[in-house]
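Read the structure below first, then the notes.
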Amino acid sequence: MNQKVVLGNEALARGLVEAGVQVVTGYPGTPSSEIIPGVIAWKKQLALNTYVEWSVNEKVALEVALAASWAGKRAAVTMKQVGLNVASDPLLSAAYTGVVGGFVLIVCDDPGPYSSQTEQDTRLFALFAKVPVLDPATPRQAKAMVRAAFELSEKFRIPVIVRSSLRVSHARQNISLDPLDTTHRAANFHKDPARWAATPRYRLLLHKELVDKLARIENEFETSGLNLEIRNSKLEIQNSENEQSKIENRKSKIPLGILGAGVPCATAQELLDEFGVEIPILQIGTVYPLPQKRVNEFLARCERVLVLEEPDAAMEIQINDRRKVHGRLDHTIPNAGELSPDVLQPILARLLREASLISDATESALPAWGAALQNLQLPMRGPRLCPGCSHRSAFYVIRRTFPGAFYASDIGCYTLGTNLRAVDTCLDMGAAITIASGMYQAYRLDKKPKSIVATIGDSTFIHSGVTGLANAVHTGARFVLVILDNATTAMTGFQPTADQTRLADDAEGTRVGIPDLVRACGVKFLQQADPYAQDEFEKILKQAEAFTHAPDGGIAVVIAERPCVLNDRTPIDEHPVRVEVTDECDGCKYCLVAFECPALVMNVKTNKVEINRQTCVDCGQCIDACYKGFIVESKPLTILELAEKVGRENGRVA
């Protein structure tokens, strides 16, 4: 009864709860999004007095949690790796000022990347910020490291990062449900302006204090149980004294060892099992500051050492003497991409063969993952907007209304507007507005009129679009901004936005209306419209563009409002529009390319487009996608028509 199979992010959530966390904040982003819902689930089940919030962005989330730590509470903040960029300003200062209650950042990296604009390494960010970082390889390790992070944070009064990754966050493993830390930590902020409001003179002293903390933390990491010597898949800690005596009795050094961290360490264990080879693996859980003595002792025992980590060389760059080290820096390991089994297998095979630990015959007998995957001959299916997505209708009308415009867009599921050729740029959260503003100024200098349309989601606008809009209005930029409001944070799991009253734990909050924010930025043209009403939506877009060219005009904002069909399909259910493709369809594929709905499919045998009833949601939006009029609203069939239809489908006359 004290064991449960959970998602890695749920294991992290359990680790937070067991450590007695009292304040948890964050902003959703794959692969981190399930952590806060996990905390909320345990909060409700165990009736905990824990405050949890989805913040409007990562900077806000970090600062809210940090304040709770300064008051003596154990606090945590969650985000994905690019979210740490947004939170970087307060993090670097927090490393100097320190903390009181344990303060843990859970940051989830995306090696690959699979759902991010970069595959940056949070562990390298930790080096830059001078903040300790722990690096789990499994959900079970992740849970254990959360408690260790709180203890480390409080002992040295420093923020601590637990760096998860895609394969840890989204793996499943059984974990133990251990007792909760029920220590009562009362809020009690002690005023100390020299620390909490430090001027540059005091900041220098705090920096020196931070450097001293890191030296003491490194010394503690030398004997930390978070660093394991592993014998392949056994995952057992070796007795260091017995192991050392064995080494000393050997006449020669170990031909090859692996220094690993995170998921690649676990992958190497599985590969070595398949090779039938046992070599020592030192898994480092305390990646920064690196326990130099323990690493150097391991290096001394081996003739060659392969460093396995992703997505960058965070451990490798901390090794002073790399003459026998192979990794990313000498290009043994690729400098980009996930270290999946098919990537690591040939690298490991070559090094094992060079060390005379396997033969060519052994390698050839192993499965070839890459070839096996290619032989599956699976059809390529790129990501697409869902059937019935209002963003598709918005993009379709935008492109039809402004065929030669410059389209700036942003981070969210609506980035898939690229498929509809209505997205030219996507940089980071909130950049749709600032890129559009800069593009306007560039063309204005040359006195060249240019239609510019920016698209941004509702959650993203609140996250980081408001300041860009205020700047654009202030500097006199002129373009059309379409805020794609589907009433949720759809891409990451339907988390509520500040434009709603629902909070993270379903409690009631105060709505911060997007129209009010737009007006507060000084925008004079604001219209709200349903993109499903395509003709009316096009009319409003034309009015918006006219305002951008008017002598007394400026930025024009159109809010495209319709709920995400996966989150709330009530509007469609109230007014379903069932469609069909007429026999006149000539297979020109215009609707497939211009509208790109997954429910529209080509029958290669008949060379006609058909409706996939399994995916169609009866939104009726594709009617306008066929300019020839071959997609029409279905009419109820008479008994005779139904009989004829059944007969045709069965190959006989009814």
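Identifiers in this document derive from the order of the structure tokens: chains are assigned A, B, ..., residues are numbered from 1 separately in each chain, and ligands are numbered from 1 in order of occurrence.
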
When you look at segment 474-487 of chain A with a cut-off of 7 Å (counting only C-alpha atoms), what residues show up, excluding the ones that are within fewer than 4 positions of it in the same chain? I need them as a compact mmCIF listing (two decimals) with C-alpha atoms, in the first residue's frame.
# COMPACT_ATOMS: atom_id res chain seq x y z
CA HIS A 391 -7.03 29.19 -34.62
CA SER A 437 6.91 46.50 -33.83
CA TYR A 440 7.18 48.21 -38.72
CA GLN A 441 10.02 50.55 -37.76
CA ILE A 452 1.97 43.41 -40.65
CA VAL A 453 -0.17 40.99 -38.67
CA ALA A 454 0.90 39.61 -35.29
CA THR A 455 -0.81 36.66 -33.61
CA ILE A 456 -0.48 35.76 -29.94
CA GLY A 457 -2.39 33.46 -27.59
CA ASP A 458 -4.36 34.59 -24.56
CA ALA A 470 2.67 49.08 -24.20
CA ALA A 544 -8.38 47.07 -38.23
CA GLU A 545 -5.90 47.48 -41.07
CA THR A 548 -3.39 51.32 -38.83
CA GLY A 554 -2.16 53.21 -34.54
CA ILE A 555 -2.10 49.61 -33.44
CA ALA A 556 -5.36 47.76 -33.99
CA VAL A 557 -6.21 44.79 -31.79
CA VAL A 558 -8.71 42.08 -32.67
CA ILE A 559 -9.52 39.43 -30.06
CA ALA A 560 -10.51 36.17 -31.74
CA GLU A 561 -12.72 34.52 -29.14
CA ARG A 562 -13.83 30.89 -29.20
CA PRO A 563 -13.15 28.14 -26.64
CA CYS A 564 -10.67 25.39 -27.43

Who sits within 10 Å of Cys108 of chain A, only C-alpha atoms, same chain under 4 positions skipped, as a VMD selection string: chain A and resid 9 29 to 33 78 to 84 121 to 122 162 to 169

Helix (DSSP H, G or I) positions in segment 331-415 of chain A, given as a VMD selection string: chain A and resid 341 to 354 360 to 364 369 to 375 390 to 401 413 to 415

Just N, CA and C atoms for this one: save the residues we selected as a short mmCIF file (atom, residue, chain, number, x, y, z; two decimals), in the first residue's frame.
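In the end it all went to part35.cif:
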data_model
loop_
_atom_site.label_atom_id
_atom_site.label_comp_id
_atom_site.auth_asym_id
_atom_site.auth_seq_id
_atom_site.Cartn_x
_atom_site.Cartn_y
_atom_site.Cartn_z
N PRO A 341 19.07 5.41 -27.34
CA PRO A 341 19.83 4.17 -27.51
C PRO A 341 20.45 4.01 -28.89
N ASP A 342 19.73 4.41 -29.94
CA ASP A 342 20.27 4.23 -31.28
C ASP A 342 21.45 5.17 -31.54
N VAL A 343 21.53 6.29 -30.80
CA VAL A 343 22.68 7.20 -30.93
C VAL A 343 23.87 6.67 -30.13
N LEU A 344 23.61 6.18 -28.93
CA LEU A 344 24.70 5.75 -28.06
C LEU A 344 25.27 4.39 -28.44
N GLN A 345 24.45 3.51 -29.00
CA GLN A 345 24.90 2.14 -29.25
C GLN A 345 26.16 2.05 -30.11
N PRO A 346 26.23 2.71 -31.28
CA PRO A 346 27.46 2.60 -32.08
C PRO A 346 28.67 3.27 -31.42
N ILE A 347 28.45 4.34 -30.65
CA ILE A 347 29.56 5.01 -29.95
C ILE A 347 30.14 4.09 -28.90
N LEU A 348 29.26 3.51 -28.09
CA LEU A 348 29.70 2.61 -27.03
C LEU A 348 30.34 1.36 -27.61
N ALA A 349 29.78 0.87 -28.72
CA ALA A 349 30.34 -0.33 -29.36
C ALA A 349 31.77 -0.09 -29.82
N ARG A 350 32.00 1.08 -30.40
CA ARG A 350 33.35 1.39 -30.90
C ARG A 350 34.35 1.44 -29.75
N LEU A 351 33.99 2.11 -28.67
CA LEU A 351 34.91 2.23 -27.54
C LEU A 351 35.14 0.89 -26.85
N LEU A 352 34.10 0.07 -26.74
CA LEU A 352 34.26 -1.26 -26.15
C LEU A 352 35.14 -2.15 -27.02
N ARG A 353 34.99 -2.01 -28.33
CA ARG A 353 35.80 -2.80 -29.26
C ARG A 353 37.26 -2.36 -29.19
N GLU A 354 37.49 -1.05 -29.12
CA GLU A 354 38.86 -0.54 -29.01
C GLU A 354 39.52 -0.95 -27.70
N ASP A 360 33.80 -7.88 -33.01
CA ASP A 360 32.90 -7.45 -34.07
C ASP A 360 31.66 -8.33 -34.11
N ALA A 361 31.83 -9.61 -33.81
CA ALA A 361 30.70 -10.54 -33.85
C ALA A 361 29.67 -10.17 -32.78
N THR A 362 30.14 -9.75 -31.61
CA THR A 362 29.22 -9.34 -30.55
C THR A 362 28.40 -8.15 -30.99
N GLU A 363 29.07 -7.18 -31.60
CA GLU A 363 28.36 -5.97 -32.03
C GLU A 363 27.34 -6.29 -33.11
N SER A 364 27.70 -7.13 -34.07
CA SER A 364 26.79 -7.44 -35.17
C SER A 364 25.57 -8.22 -34.71
N TRP A 369 18.60 -0.40 -33.77
CA TRP A 369 17.34 0.32 -33.57
C TRP A 369 17.01 1.20 -34.78
N GLY A 370 18.01 1.88 -35.29
CA GLY A 370 17.74 2.79 -36.40
C GLY A 370 17.16 2.06 -37.60
N ALA A 371 17.78 0.94 -37.99
CA ALA A 371 17.30 0.17 -39.14
C ALA A 371 15.91 -0.39 -38.86
N ALA A 372 15.71 -0.85 -37.63
CA ALA A 372 14.40 -1.42 -37.28
C ALA A 372 13.30 -0.37 -37.40
N LEU A 373 13.59 0.84 -36.94
CA LEU A 373 12.60 1.90 -37.02
C LEU A 373 12.31 2.27 -38.47
N GLN A 374 13.36 2.32 -39.30
CA GLN A 374 13.16 2.65 -40.71
C GLN A 374 12.34 1.59 -41.42
N ASN A 375 12.55 0.35 -41.04
CA ASN A 375 11.83 -0.74 -41.70
C ASN A 375 10.35 -0.77 -41.35
N SER A 390 -10.30 26.86 -33.48
CA SER A 390 -10.65 28.20 -33.95
C SER A 390 -9.45 28.94 -34.51
N HIS A 391 -8.23 28.54 -34.08
CA HIS A 391 -7.03 29.19 -34.62
C HIS A 391 -6.92 28.94 -36.13
N ARG A 392 -7.33 27.75 -36.57
CA ARG A 392 -7.27 27.44 -38.00
C ARG A 392 -8.14 28.42 -38.80
N SER A 393 -9.34 28.63 -38.28
CA SER A 393 -10.24 29.57 -38.96
C SER A 393 -9.66 30.97 -38.96
N ALA A 394 -9.07 31.38 -37.83
CA ALA A 394 -8.48 32.71 -37.75
C ALA A 394 -7.33 32.87 -38.75
N PHE A 395 -6.44 31.89 -38.79
CA PHE A 395 -5.31 31.96 -39.72
C PHE A 395 -5.78 31.93 -41.17
N TYR A 396 -6.77 31.12 -41.45
CA TYR A 396 -7.29 31.01 -42.82
C TYR A 396 -7.82 32.36 -43.30
N VAL A 397 -8.56 33.03 -42.43
CA VAL A 397 -9.11 34.34 -42.80
C VAL A 397 -8.02 35.40 -42.85
N ILE A 398 -7.07 35.34 -41.92
CA ILE A 398 -5.97 36.31 -41.93
C ILE A 398 -5.20 36.24 -43.24
N ARG A 399 -4.86 35.04 -43.66
CA ARG A 399 -4.11 34.89 -44.90
C ARG A 399 -4.94 35.31 -46.11
N ARG A 400 -6.22 35.02 -46.08
CA ARG A 400 -7.10 35.42 -47.18
C ARG A 400 -7.25 36.94 -47.24
N THR A 401 -7.24 37.57 -46.07
CA THR A 401 -7.43 39.02 -46.01
C THR A 401 -6.14 39.78 -46.31
N CYS A 413 0.18 26.42 -29.26
CA CYS A 413 -0.25 25.50 -30.31
C CYS A 413 -0.50 26.25 -31.62
N TYR A 414 -0.79 27.55 -31.53
CA TYR A 414 -1.04 28.34 -32.73
C TYR A 414 0.24 28.59 -33.54
N THR A 415 1.40 28.19 -33.01
CA THR A 415 2.61 28.24 -33.84
C THR A 415 2.43 27.39 -35.09
#

Surrounding residues of Thr97 of chain A excluding itself and chain neighbours under 2 positions, 9 Å, only C-alpha atoms, as a PyMOL selection string: chain A and resi 93-95+99+157-158+195-198+203+206-207+210

Among the residues A:Met491, A:Lys143, A:Arg381, A:Tyr114, the one that comes closest to Pro598 of chain A [using only C-alpha atoms]: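 For Pro598 of chain A, the nearest of the given residues is A:Arg381.
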
Spatial neighbours of Glu58 of chain A, max dist 6 Å, only C-alpha atoms, sep filter under 6 positions, as number ranges by chain: A: 27, 83, 86-87

Between atom CA of Ala498 of chain A and atom CA of Val512 of chain A, distance in Å (one decimal):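 The value is 5.5 Å.
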
Among the residues A:Asp506, A:Pro113, A:Pro379, A:Ile230, the one that comes closest to Ile40 of chain A [using only C-alpha atoms]: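 Nearest to Ile40 of chain A: A:Asp506.
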
DSSP-assigned strand (DSSP E) members of segment 221-443 of chain A, reported as a PyMOL selection string: chain A and resi 228-231+257-260+280-283+286-288+305-308+325-326+406-408

Spatial neighbours of Pro311 of chain A, max dist 12 Å, only C-alpha atoms, sep filter under 2 positions, as number ranges by chain: A: 81, 108-113, 118-124, 163-166, 261-264, 308-309, 313-316, 327-328, 333-340

Test item: residues at most 7 Å from Leu12 of chain A, only C-alpha atoms, excluding those fewer than 6 positions along its chain, as number ranges by chain: A: 35, 142-143, 146

Residue nearest Arg14 of chain A among A:Val609, A:Leu92, A:Ile175, A:Ala422 (counting only C-alpha atoms): A:Ile175
